>>> print(open('coords-v4.txt').read())   # compact mmCIF, C-alpha atoms
# COMPACT_ATOMS: atom_id res chain seq x y z
CA MET A 1 -19.36 20.36 6.64
CA THR A 2 -16.70 20.37 9.34
CA LEU A 3 -15.31 16.97 10.24
CA PRO A 4 -15.19 16.11 13.95
CA GLU A 5 -11.92 15.43 15.72
CA SER A 6 -10.74 11.82 15.99
CA GLY A 7 -9.54 11.02 19.48
CA ASN A 8 -6.66 12.29 21.57
CA GLY A 9 -4.10 11.51 18.87
CA GLY A 10 -5.59 13.91 16.34
CA PRO A 11 -6.22 12.80 12.78
CA VAL A 12 -3.25 10.38 12.61
CA ARG A 13 -2.29 8.86 15.97
CA LEU A 14 -5.62 7.27 16.67
CA ASP A 15 -6.18 5.50 19.97
CA GLY A 16 -6.26 1.72 20.12
CA PRO A 17 -4.47 -1.32 21.54
CA TRP A 18 -1.34 -0.37 19.59
CA THR A 19 1.58 1.87 20.54
CA HIS A 20 2.62 4.91 18.50
CA ARG A 21 6.19 6.05 18.01
CA ASP A 22 8.59 7.49 15.44
CA VAL A 23 11.64 5.83 13.91
CA ALA A 24 14.42 7.28 11.77
CA ALA A 25 15.29 5.65 8.46
CA ASN A 26 16.73 6.66 5.08
CA GLY A 27 17.14 10.30 6.07
CA ALA A 28 13.57 10.82 7.30
CA ARG A 29 11.31 10.19 10.28
CA PHE A 30 8.49 7.65 10.05
CA HIS A 31 5.46 7.17 12.27
CA ILE A 32 4.56 3.60 13.19
CA ALA A 33 1.85 1.85 15.17
CA GLU A 34 2.90 -1.50 16.65
CA MET A 35 1.54 -4.43 18.63
CA GLY A 36 2.82 -7.80 19.80
CA ASP A 37 6.09 -9.67 19.99
CA GLY A 38 7.63 -12.16 17.61
CA PRO A 39 8.76 -12.15 13.98
CA LEU A 40 8.22 -8.76 12.38
CA VAL A 41 5.30 -8.22 10.00
CA LEU A 42 5.51 -4.75 8.42
CA LEU A 43 2.27 -3.40 6.94
CA LEU A 44 2.32 -0.86 4.10
CA HIS A 45 -0.78 1.18 3.22
CA GLY A 46 -1.96 2.43 -0.15
CA PHE A 47 -3.76 5.49 -1.51
CA PRO A 48 -5.73 7.40 -0.25
CA GLN A 49 -5.11 5.93 3.20
CA PHE A 50 -2.51 5.75 5.96
CA TRP A 51 -1.41 3.23 8.63
CA TRP A 52 -4.91 3.01 10.14
CA THR A 53 -6.09 0.92 7.19
CA TRP A 54 -4.48 -2.04 9.02
CA ARG A 55 -6.42 -1.52 12.27
CA HIS A 56 -8.15 -4.91 11.90
CA GLN A 57 -4.97 -6.84 11.14
CA LEU A 58 -2.70 -5.38 13.86
CA PRO A 59 -4.42 -7.12 16.83
CA VAL A 60 -4.97 -10.35 14.89
CA LEU A 61 -1.31 -10.58 13.94
CA ALA A 62 -0.20 -9.73 17.49
CA GLU A 63 -2.45 -12.43 18.92
CA ALA A 64 -1.02 -14.91 16.40
CA GLY A 65 2.49 -14.34 17.77
CA PHE A 66 3.89 -11.67 15.47
CA ARG A 67 5.32 -8.21 16.01
CA ALA A 68 2.86 -6.27 13.86
CA VAL A 69 3.96 -2.81 12.72
CA ALA A 70 1.99 -0.49 10.41
CA MET A 71 4.02 2.43 9.08
CA ASP A 72 3.02 5.66 7.41
CA LEU A 73 4.77 6.02 4.07
CA ARG A 74 6.88 9.08 3.37
CA GLY A 75 4.68 12.17 3.06
CA VAL A 76 1.59 10.60 4.65
CA GLY A 77 0.07 10.33 8.12
CA GLY A 78 2.60 11.08 10.84
CA SER A 79 5.72 10.61 8.70
CA ASP A 80 7.96 13.35 7.31
CA ARG A 81 6.81 15.29 4.26
CA THR A 82 10.06 15.75 2.41
CA PRO A 83 10.34 17.85 -0.78
CA ARG A 84 11.61 14.87 -2.81
CA GLY A 85 12.25 11.14 -2.59
CA TYR A 86 8.94 9.73 -3.88
CA ASP A 87 10.31 7.38 -6.54
CA PRO A 88 9.67 3.69 -5.75
CA ALA A 89 13.34 2.82 -5.26
CA ASN A 90 13.74 5.42 -2.53
CA LEU A 91 10.35 4.63 -0.96
CA ALA A 92 11.37 0.96 -0.84
CA LEU A 93 14.56 1.98 0.95
CA ASP A 94 12.34 3.78 3.48
CA VAL A 95 10.64 0.44 4.12
CA THR A 96 13.81 -1.60 4.49
CA GLY A 97 15.35 1.19 6.55
CA VAL A 98 12.45 0.97 9.01
CA ILE A 99 13.07 -2.79 9.31
CA ARG A 100 16.67 -2.07 10.31
CA SER A 101 15.67 0.76 12.65
CA LEU A 102 13.32 -1.62 14.46
CA GLY A 103 16.32 -3.83 15.17
CA GLU A 104 14.99 -6.75 13.17
CA PRO A 105 16.99 -8.96 10.77
CA ASP A 106 14.09 -9.15 8.31
CA ALA A 107 10.33 -8.81 7.95
CA ALA A 108 7.32 -10.26 6.25
CA LEU A 109 6.10 -7.35 4.11
CA VAL A 110 2.37 -6.89 3.66
CA GLY A 111 1.48 -4.18 1.15
CA HIS A 112 -1.78 -2.89 -0.30
CA ASP A 113 -2.10 -0.78 -3.47
CA LEU A 114 0.96 1.55 -3.54
CA GLY A 115 2.26 -0.27 -0.47
CA GLY A 116 2.09 -3.46 -2.51
CA TYR A 117 4.07 -1.84 -5.33
CA LEU A 118 6.74 -0.89 -2.80
CA ALA A 119 6.68 -4.36 -1.22
CA TRP A 120 7.41 -5.93 -4.62
CA THR A 121 10.21 -3.41 -5.09
CA ALA A 122 11.77 -3.97 -1.66
CA ALA A 123 11.76 -7.74 -2.17
CA VAL A 124 13.81 -7.26 -5.34
CA MET A 125 16.13 -4.53 -4.06
CA ARG A 126 16.84 -5.84 -0.55
CA PRO A 127 15.97 -9.57 -0.63
CA LYS A 128 17.90 -10.38 2.56
CA LEU A 129 15.60 -8.08 4.55
CA VAL A 130 12.34 -9.58 3.25
CA ARG A 131 11.39 -12.93 4.78
CA ARG A 132 8.04 -13.27 3.04
CA LEU A 133 5.96 -11.10 0.75
CA VAL A 134 2.21 -10.44 0.79
CA VAL A 135 0.70 -8.12 -1.84
CA SER A 136 -2.93 -7.04 -2.10
CA SER A 137 -4.62 -5.23 -4.99
CA MET A 138 -1.43 -4.54 -6.94
CA PRO A 139 0.40 -6.45 -9.68
CA HIS A 140 4.15 -6.72 -9.96
CA PRO A 141 5.53 -3.33 -11.16
CA ARG A 142 6.39 -4.71 -14.58
CA ARG A 143 2.88 -6.11 -14.95
CA TRP A 144 1.46 -2.76 -13.81
CA ARG A 145 3.49 -0.90 -16.42
CA SER A 146 2.53 -3.28 -19.19
CA ALA A 147 -1.18 -3.22 -18.30
CA MET A 148 -1.37 0.56 -18.04
CA LEU A 149 0.30 1.00 -21.43
CA SER A 150 -1.21 -1.84 -23.45
CA ASP A 151 -4.59 -2.68 -21.90
CA LEU A 152 -7.19 0.01 -22.61
CA SER A 153 -9.55 -1.36 -19.95
CA GLN A 154 -6.84 -1.14 -17.29
CA SER A 155 -5.79 2.30 -18.46
CA ARG A 156 -9.39 3.46 -18.00
CA ALA A 157 -9.64 1.77 -14.60
CA GLY A 158 -6.52 3.67 -13.52
CA SER A 159 -7.71 6.98 -14.95
CA HIS A 160 -7.10 8.70 -11.62
CA ILE A 161 -3.35 8.05 -12.10
CA TRP A 162 -3.37 9.80 -15.47
CA GLY A 163 -5.33 12.63 -13.86
CA PHE A 164 -2.66 13.03 -11.18
CA GLN A 165 -0.18 14.18 -13.83
CA ARG A 166 -1.73 17.65 -13.94
CA PRO A 167 0.00 20.28 -11.78
CA TRP A 168 -1.70 21.47 -8.57
CA LEU A 169 -5.28 20.71 -9.57
CA PRO A 170 -5.34 17.13 -8.18
CA GLU A 171 -4.13 18.37 -4.80
CA ARG A 172 -6.86 20.99 -4.68
CA GLN A 173 -9.48 18.44 -5.67
CA LEU A 174 -8.37 16.02 -2.95
CA VAL A 175 -8.79 18.55 -0.13
CA ALA A 176 -11.86 20.42 -1.45
CA ASP A 177 -15.01 20.22 0.70
CA ASP A 178 -13.14 18.63 3.62
CA ALA A 179 -11.56 16.00 1.35
CA ALA A 180 -14.93 14.77 0.08
CA LEU A 181 -13.18 13.18 -2.92
CA VAL A 182 -11.35 10.77 -0.61
CA GLY A 183 -14.67 9.42 0.60
CA GLY A 184 -15.94 9.17 -2.96
CA LEU A 185 -12.90 7.21 -4.10
CA ILE A 186 -13.10 4.73 -1.22
CA ARG A 187 -16.81 4.15 -1.82
CA ASP A 188 -16.39 3.80 -5.59
CA TRP A 189 -13.43 1.45 -5.30
CA SER A 190 -15.03 -0.86 -2.72
CA GLY A 191 -17.12 -3.90 -3.60
CA PRO A 192 -20.91 -3.75 -3.82
CA GLY A 193 -21.59 -5.52 -0.53
CA PRO A 194 -23.64 -3.92 2.26
CA ARG A 195 -21.70 -1.21 4.06
CA PRO A 196 -21.89 -1.11 7.87
CA ASP A 197 -22.43 2.27 9.49
CA SER A 198 -18.90 2.18 10.89
CA ASP A 199 -17.54 2.42 7.34
CA GLU A 200 -18.75 6.01 7.08
CA GLU A 201 -16.86 6.78 10.29
CA ALA A 202 -13.76 5.19 8.79
CA ILE A 203 -14.11 7.30 5.66
CA ASP A 204 -14.25 10.42 7.85
CA VAL A 205 -10.93 9.35 9.40
CA TYR A 206 -9.31 9.09 5.97
CA ARG A 207 -10.71 12.47 4.99
CA ARG A 208 -9.25 14.08 8.12
CA ALA A 209 -5.85 12.52 7.46
CA MET A 210 -5.79 13.85 3.90
CA LEU A 211 -6.42 17.36 5.21
CA VAL A 212 -3.12 17.41 7.14
CA PRO A 213 -1.05 20.04 5.27
CA SER A 214 0.99 18.75 2.30
CA THR A 215 -0.47 15.24 2.51
CA ALA A 216 -2.41 15.55 -0.74
CA HIS A 217 0.67 16.64 -2.68
CA CYS A 218 2.93 13.97 -1.18
CA SER A 219 0.30 11.25 -1.74
CA ILE A 220 0.22 12.02 -5.46
CA GLU A 221 3.97 12.34 -6.06
CA PRO A 222 4.69 8.56 -6.32
CA TYR A 223 2.07 8.23 -9.07
CA ARG A 224 3.51 11.21 -10.91
CA TRP A 225 6.89 9.51 -10.93
CA MET A 226 5.40 6.21 -12.10
CA VAL A 227 3.93 7.86 -15.22
CA ARG A 228 6.40 10.65 -15.97
CA SER A 229 9.36 8.27 -15.75
CA LEU A 230 7.95 5.76 -18.26
CA ALA A 231 10.16 7.09 -21.07
CA ARG A 232 12.90 8.60 -18.89
CA PRO A 233 16.23 6.87 -18.18
CA ASP A 234 15.43 6.49 -14.46
CA GLY A 235 12.10 4.82 -15.19
CA ILE A 236 13.57 2.53 -17.83
CA GLN A 237 16.38 1.58 -15.45
CA PHE A 238 13.88 0.83 -12.68
CA ASN A 239 11.81 -1.35 -15.02
CA ARG A 240 14.95 -3.30 -15.99
CA ARG A 241 15.93 -3.65 -12.36
CA MET A 242 12.56 -5.20 -11.59
CA LYS A 243 13.30 -8.04 -14.03
CA ARG A 244 15.21 -9.65 -11.18
CA PRO A 245 12.98 -12.34 -9.71
CA VAL A 246 11.44 -12.31 -6.26
CA ARG A 247 12.99 -15.19 -4.34
CA VAL A 248 10.85 -15.27 -1.20
CA PRO A 249 7.49 -17.02 -0.65
CA THR A 250 4.76 -14.73 -1.97
CA LEU A 251 1.04 -14.51 -1.24
CA HIS A 252 -0.93 -12.45 -3.77
CA LEU A 253 -4.41 -11.34 -2.69
CA HIS A 254 -7.03 -9.64 -4.86
CA GLY A 255 -10.70 -8.70 -4.82
CA SER A 256 -12.59 -10.17 -7.76
CA LEU A 257 -14.55 -6.93 -8.24
CA ASP A 258 -11.63 -4.52 -7.87
CA PRO A 259 -12.53 -1.64 -10.24
CA VAL A 260 -9.11 0.04 -9.98
CA MET A 261 -6.75 -2.86 -10.62
CA ARG A 262 -8.35 -5.46 -12.83
CA THR A 263 -7.92 -9.11 -11.96
CA ARG A 264 -6.44 -9.76 -15.38
CA SER A 265 -3.77 -7.13 -14.71
CA ALA A 266 -2.76 -8.57 -11.34
CA ALA A 267 -2.91 -12.25 -12.29
CA GLY A 268 0.29 -13.51 -13.83
CA SER A 269 2.59 -11.64 -11.47
CA GLY A 270 3.82 -15.04 -10.35
CA GLU A 271 6.03 -15.18 -13.43
CA TYR A 272 8.36 -12.83 -11.56
CA VAL A 273 8.51 -15.05 -8.46
CA GLU A 274 11.07 -17.86 -8.22
CA ALA A 275 9.70 -19.16 -4.93
CA PRO A 276 6.40 -20.57 -3.66
CA TYR A 277 3.63 -18.30 -4.98
CA ARG A 278 -0.01 -18.43 -3.93
CA TRP A 279 -2.81 -16.50 -5.66
CA ARG A 280 -6.01 -15.91 -3.67
CA LEU A 281 -9.05 -14.21 -5.18
CA PHE A 282 -11.73 -12.90 -2.80
CA ASP A 283 -15.11 -13.21 -4.49
CA GLY A 284 -17.33 -10.13 -4.32
CA LEU A 285 -14.71 -7.79 -2.84
CA GLY A 286 -13.29 -4.63 -4.34
CA HIS A 287 -10.02 -2.74 -3.95
CA PHE A 288 -9.85 -2.92 -0.13
CA PRO A 289 -10.28 -6.62 0.80
CA HIS A 290 -8.48 -6.15 4.14
CA GLU A 291 -11.19 -3.68 5.20
CA GLU A 292 -14.18 -5.00 3.26
CA ASP A 293 -13.86 -8.49 4.79
CA PRO A 294 -11.17 -8.23 7.48
CA VAL A 295 -11.93 -11.67 8.95
CA ALA A 296 -11.42 -13.51 5.66
CA PHE A 297 -8.36 -11.44 4.79
CA SER A 298 -6.73 -11.79 8.21
CA THR A 299 -7.42 -15.51 8.35
CA GLU A 300 -5.78 -16.04 4.96
CA LEU A 301 -2.84 -13.84 5.97
CA VAL A 302 -2.15 -15.45 9.34
CA ASN A 303 -2.55 -19.02 8.09
CA TRP A 304 -0.08 -18.37 5.28
CA LEU A 305 2.44 -16.58 7.51
CA LYS A 306 2.36 -19.48 9.99
CA ASP A 307 2.68 -22.14 7.29
CA PRO A 308 6.31 -23.34 7.50
CA GLU A 309 6.30 -24.52 3.89
CA PRO A 310 3.83 -22.57 1.74
CA ASP A 311 3.65 -24.43 -1.54
CA ARG A 312 3.01 -23.22 -5.05
>>> encode(input="coords-v4.txt", output="structure tokens")
Amino acid sequence: MTLPESGNGGPVRLDGPWTHRDVAANGARFHIAEMGDGPLVLLLHGFPQFWWTWRHQLPVLAEAGFRAVAMDLRGVGGSDRTPRGYDPANLALDVTGVIRSLGEPDAALVGHDLGGYLAWTAAVMRPKLVRRLVVSSMPHPRRWRSAMLSDLSQSRAGSHIWGFQRPWLPERQLVADDAALVGGLIRDWSGPGPRPDSDEEAIDVYRRAMLVPSTAHCSIEPYRWMVRSLARPDGIQFNRRMKRPVRVPTLHLHGSLDPVMRTRSAAGSGEYVEAPYRWRLFDGLGHFPHEEDPVAFSTELVNWLKDPEPDR
């Protein structure tokens, strides 16, 4: 099977009501898609996706009076594929560097999956640059570490992360048969609800993006660091650093049927937040609530961002 092309912008710069451009930050170049004017909301994608995962939220946020920007993380989409720099501390500096490069004093960070992990990290490392924090489908990094090491059910649910530790083979598997595995992962990790025909078209977009040279390798590198550093000094130091509490209002979103990150693993992350913290569980949704039910997700997101005093 040969995947069709995806618009004038190729597999990454897909057409839409947004504007594409590149910004420099933290020694690399990052692709962004942006819409609207107002306070900055910076959207961070997870695996195995890229900025386009936020296509539903960009126009909603812009219409609600925000400057909505979805960035491609280092090594993915239209951003630079550097040979190193895929540890969470450096990736979080990419995020805060993009905030500065956009000329903004701060941002509300919205992160899904790996993007959520980096959003937690950025809020701890550069608190003055993070106005509010929204995390979907990812516990606080210390909760993630604890669950993966001590909860057998979570360790099994995250088996793909253990599998990523092998050299070269995971990259080859991700791109084999026109990145068929990407489609399989997205289907398997989504909730059981009826899937509109357009979802298959979306999966084809993600498959095309994974086939851009070096993307598979760069997509896996953060997960390799997360596991291989568990007993190394750099990983232990990072875990200690993340003891510092998050001191900005935090909205934590999760699908009740997420097969990758169990609800029990994500719940309880509020113990690391010394600010208003709101937990919202979406019944019947899986690992991608922002795509599985974009209306419910976007409504929750916008209402919380516009709430001047989100309470605990």
>>> closest_residue(input="coords-v4.txt", among="A:Met148, A:Met210, A:Ala62, A:Ala123", to="A:Pro249", atoms="only C-alpha atoms")
A:Ala123
>>> residues_around(input="coords-v4.txt", residues="A:Pro294", least_positions_apart="4", cutoff="9 Å", atoms="all atoms listed in the file", output="VMD selection string")
chain A and resid 56 to 57 289 to 290 298 to 299
>>> write_last_selection(input="coords-v4.txt", atoms="C-alpha atoms", output="PDB file, in the coordinates of the input")
ATOM      1  CA  HIS A  56      -8.150  -4.910  11.900  1.00  0.00           C
ATOM      2  CA  GLN A  57      -4.970  -6.840  11.140  1.00  0.00           C
ATOM      3  CA  PRO A 289     -10.280  -6.620   0.800  1.00  0.00           C
ATOM      4  CA  HIS A 290      -8.480  -6.150   4.140  1.00  0.00           C
ATOM      5  CA  SER A 298      -6.730 -11.790   8.210  1.00  0.00           C
ATOM      6  CA  THR A 299      -7.420 -15.510   8.350  1.00  0.00           C
TER       7      THR A 299
END
>>> atom_distance(input="coords-v4.txt", atom1="atom CA of A:Pro276", atom2="atom CA of A:Arg241")
21.3 Å
>>> residues_around(input="coords-v4.txt", residues="stretch 180-194 of chain A", least_positions_apart="3", cutoff="6 Å", atoms="all atoms listed in the file", output="MDAnalysis selection string")
chainID A and resid 174 177 203 207 259 285:287
>>> write_last_selection(input="coords-v4.txt", atoms="C-alpha atoms", output="short mmCIF file (atom, residue, chain, number, x, y, z; two decimals), in the coordinates of the input")
data_model
loop_
_atom_site.label_atom_id
_atom_site.label_comp_id
_atom_site.auth_asym_id
_atom_site.auth_seq_id
_atom_site.Cartn_x
_atom_site.Cartn_y
_atom_site.Cartn_z
CA LEU A 174 -8.37 16.02 -2.95
CA ASP A 177 -15.01 20.22 0.70
CA ILE A 203 -14.11 7.30 5.66
CA ARG A 207 -10.71 12.47 4.99
CA PRO A 259 -12.53 -1.64 -10.24
CA LEU A 285 -14.71 -7.79 -2.84
CA GLY A 286 -13.29 -4.63 -4.34
CA HIS A 287 -10.02 -2.74 -3.95
#
>>> closest_atom_pairs(input="coords-v4.txt", of="stretch 222-308 of chain A", to="stretch 140-146 of chain A", cutoff="9 Å", atoms="all atoms listed in the file", output="Markdown table")
| residue | atom | partner | partner_atom | distance |
| --- | --- | --- | --- | --- |
| A:Met226 | CA | A:Arg145 | CA | 8.5 |
| A:Val227 | CA | A:Arg145 | CA | 8.9 |
| A:Leu230 | CA | A:Arg145 | CA | 8.2 |
| A:Asn239 | CA | A:Arg142 | CA | 6.4 |
| A:Arg240 | CA | A:Arg142 | CA | 8.8 |
| A:Met242 | CA | A:Arg142 | CA | 6.9 |
| A:Lys243 | CA | A:Arg142 | CA | 7.7 |
| A:Met261 | CA | A:Trp144 | CA | 8.8 |
| A:Ser265 | CA | A:Arg143 | CA | 6.7 |
| A:Ala266 | CA | A:Arg143 | CA | 7.1 |
| A:Ala267 | CA | A:Arg143 | CA | 8.8 |
| A:Gly268 | CA | A:Arg143 | CA | 7.9 |
| A:Ser269 | CA | A:His140 | CA | 5.4 |
| A:Gly270 | CA | A:His140 | CA | 8.3 |
| A:Tyr272 | CA | A:His140 | CA | 7.6 |
>>> atom_distance(input="coords-v4.txt", atom1="atom CA of A:Asp178", atom2="atom CA of A:Arg208")
7.5 Å
>>> closest_residue(input="coords-v4.txt", among="A:Arg21, A:Arg132, A:His112, A:Arg224", to="A:Pro167", atoms="only C-alpha atoms")
A:Arg224
>>> atom_distance(input="coords-v4.txt", atom1="atom CA of A:Pro83", atom2="atom CA of A:Phe164")
17.3 Å
>>> closest_residue(input="coords-v4.txt", among="A:Ala119, A:Ala157, A:Leu149, A:Ala28", to="A:Gly97", atoms="only C-alpha atoms")
A:Ala28
>>> closest_residue(input="coords-v4.txt", among="A:His45, A:Ala68, A:Gln154, A:Val60", to="A:Ala296", atoms="only C-alpha atoms")
A:Val60
>>> closest_residue(input="coords-v4.txt", among="A:Ala275, A:Leu253, A:Val246, A:Leu58", to="A:Val135", atoms="only C-alpha atoms")
A:Leu253
>>> residues_around(input="coords-v4.txt", residues="A:Arg13", least_positions_apart="4", cutoff="12 Å", atoms="only C-alpha atoms", output="NGL selection string")
:A and (5-9 or 17-22 or 31-34 or 50-52 or 55 or 70-72 or 77-79 or 205 or 208-209)
>>> closest_residue(input="coords-v4.txt", among="A:Ala25, A:Val124, A:Ile161, A:Leu114", to="A:Val98", atoms="all atoms listed in the file")
A:Ala25
>>> axis_aligned_box(input="coords-v4.txt", around="stretch 199-217 of chain A", padding_each_side="4 Å", output="JSON")
{"center_x": -8.9, "center_y": 11.2, "center_z": 3.8, "size_x": 27.7, "size_y": 25.6, "size_z": 21.0}
>>> residues_around(input="coords-v4.txt", residues="A:Val95", least_positions_apart="3", cutoff="12 Å", atoms="only C-alpha atoms", output="NGL selection string")
:A and (23-32 or 41-45 or 69-74 or 88-92 or 98-102 or 106-111 or 115-123 or 125-126 or 129-130)
>>> decode(input="coords-v4.txt", residues="stretch 211-231 of chain A", atoms="N, CA and C atoms", output="PDB file, in the first residue's frame")
ATOM      1  N   LEU A 211       6.748   8.454   8.533  1.00  0.00           N
ATOM      2  CA  LEU A 211       7.650   8.010   7.471  1.00  0.00           C
ATOM      3  C   LEU A 211       8.674   9.064   7.067  1.00  0.00           C
ATOM      4  N   VAL A 212       8.551  10.299   7.567  1.00  0.00           N
ATOM      5  CA  VAL A 212       9.575  11.311   7.301  1.00  0.00           C
ATOM      6  C   VAL A 212      10.885  10.809   7.899  1.00  0.00           C
ATOM      7  N   PRO A 213      11.984  10.816   7.141  1.00  0.00           N
ATOM      8  CA  PRO A 213      13.232  10.212   7.624  1.00  0.00           C
ATOM      9  C   PRO A 213      13.642  10.681   9.018  1.00  0.00           C
ATOM     10  N   SER A 214      14.078   9.724   9.824  1.00  0.00           N
ATOM     11  CA  SER A 214      14.580   9.903  11.189  1.00  0.00           C
ATOM     12  C   SER A 214      13.497  10.145  12.229  1.00  0.00           C
ATOM     13  N   THR A 215      12.241  10.303  11.813  1.00  0.00           N
ATOM     14  CA  THR A 215      11.183  10.577  12.779  1.00  0.00           C
ATOM     15  C   THR A 215      10.993   9.415  13.751  1.00  0.00           C
ATOM     16  N   ALA A 216      11.003   8.191  13.239  1.00  0.00           N
ATOM     17  CA  ALA A 216      10.789   7.038  14.111  1.00  0.00           C
ATOM     18  C   ALA A 216      11.850   6.984  15.207  1.00  0.00           C
ATOM     19  N   HIS A 217      13.105   7.155  14.833  1.00  0.00           N
ATOM     20  CA  HIS A 217      14.181   7.117  15.821  1.00  0.00           C
ATOM     21  C   HIS A 217      14.023   8.229  16.855  1.00  0.00           C
ATOM     22  N   CYS A 218      13.796   9.448  16.391  1.00  0.00           N
ATOM     23  CA  CYS A 218      13.688  10.584  17.307  1.00  0.00           C
ATOM     24  C   CYS A 218      12.457  10.471  18.206  1.00  0.00           C
ATOM     25  N   SER A 219      11.374   9.875  17.711  1.00  0.00           N
ATOM     26  CA  SER A 219      10.161   9.710  18.508  1.00  0.00           C
ATOM     27  C   SER A 219      10.381   8.764  19.686  1.00  0.00           C
ATOM     28  N   ILE A 220      11.267   7.795  19.493  1.00  0.00           N
ATOM     29  CA  ILE A 220      11.520   6.776  20.509  1.00  0.00           C
ATOM     30  C   ILE A 220      12.543   7.236  21.542  1.00  0.00           C
ATOM     31  N   GLU A 221      13.448   8.113  21.166  1.00  0.00           N
ATOM     32  CA  GLU A 221      14.553   8.495  22.044  1.00  0.00           C
ATOM     33  C   GLU A 221      14.115   9.005  23.416  1.00  0.00           C
ATOM     34  N   PRO A 222      13.060   9.836  23.551  1.00  0.00           N
ATOM     35  CA  PRO A 222      12.669  10.264  24.906  1.00  0.00           C
ATOM     36  C   PRO A 222      12.295   9.102  25.804  1.00  0.00           C
ATOM     37  N   TYR A 223      11.649   8.080  25.254  1.00  0.00           N
ATOM     38  CA  TYR A 223      11.252   6.922  26.055  1.00  0.00           C
ATOM     39  C   TYR A 223      12.457   6.071  26.427  1.00  0.00           C
ATOM     40  N   ARG A 224      13.445   6.041  25.553  1.00  0.00           N
ATOM     41  CA  ARG A 224      14.677   5.328  25.908  1.00  0.00           C
ATOM     42  C   ARG A 224      15.352   6.002  27.092  1.00  0.00           C
ATOM     43  N   TRP A 225      15.389   7.319  27.071  1.00  0.00           N
ATOM     44  CA  TRP A 225      15.991   8.025  28.202  1.00  0.00           C
ATOM     45  C   TRP A 225      15.206   7.751  29.479  1.00  0.00           C
ATOM     46  N   MET A 226      13.886   7.792  29.403  1.00  0.00           N
ATOM     47  CA  MET A 226      13.053   7.644  30.597  1.00  0.00           C
ATOM     48  C   MET A 226      13.302   6.311  31.299  1.00  0.00           C
ATOM     49  N   VAL A 227      13.592   5.253  30.550  1.00  0.00           N
ATOM     50  CA  VAL A 227      13.837   3.938  31.137  1.00  0.00           C
ATOM     51  C   VAL A 227      15.318   3.754  31.467  1.00  0.00           C
ATOM     52  N   ARG A 228      16.195   4.069  30.537  1.00  0.00           N
ATOM     53  CA  ARG A 228      17.617   3.793  30.736  1.00  0.00           C
ATOM     54  C   ARG A 228      18.227   4.661  31.833  1.00  0.00           C
ATOM     55  N   SER A 229      17.587   5.785  32.137  1.00  0.00           N
ATOM     56  CA  SER A 229      18.123   6.684  33.159  1.00  0.00           C
ATOM     57  C   SER A 229      17.604   6.364  34.555  1.00  0.00           C
ATOM     58  N   LEU A 230      16.723   5.367  34.684  1.00  0.00           N
ATOM     59  CA  LEU A 230      16.090   5.106  35.978  1.00  0.00           C
ATOM     60  C   LEU A 230      17.116   4.915  37.098  1.00  0.00           C
ATOM     61  N   ALA A 231      18.211   4.214  36.800  1.00  0.00           N
ATOM     62  CA  ALA A 231      19.230   3.963  37.819  1.00  0.00           C
ATOM     63  C   ALA A 231      20.495   4.782  37.598  1.00  0.00           C
TER      64      ALA A 231
END
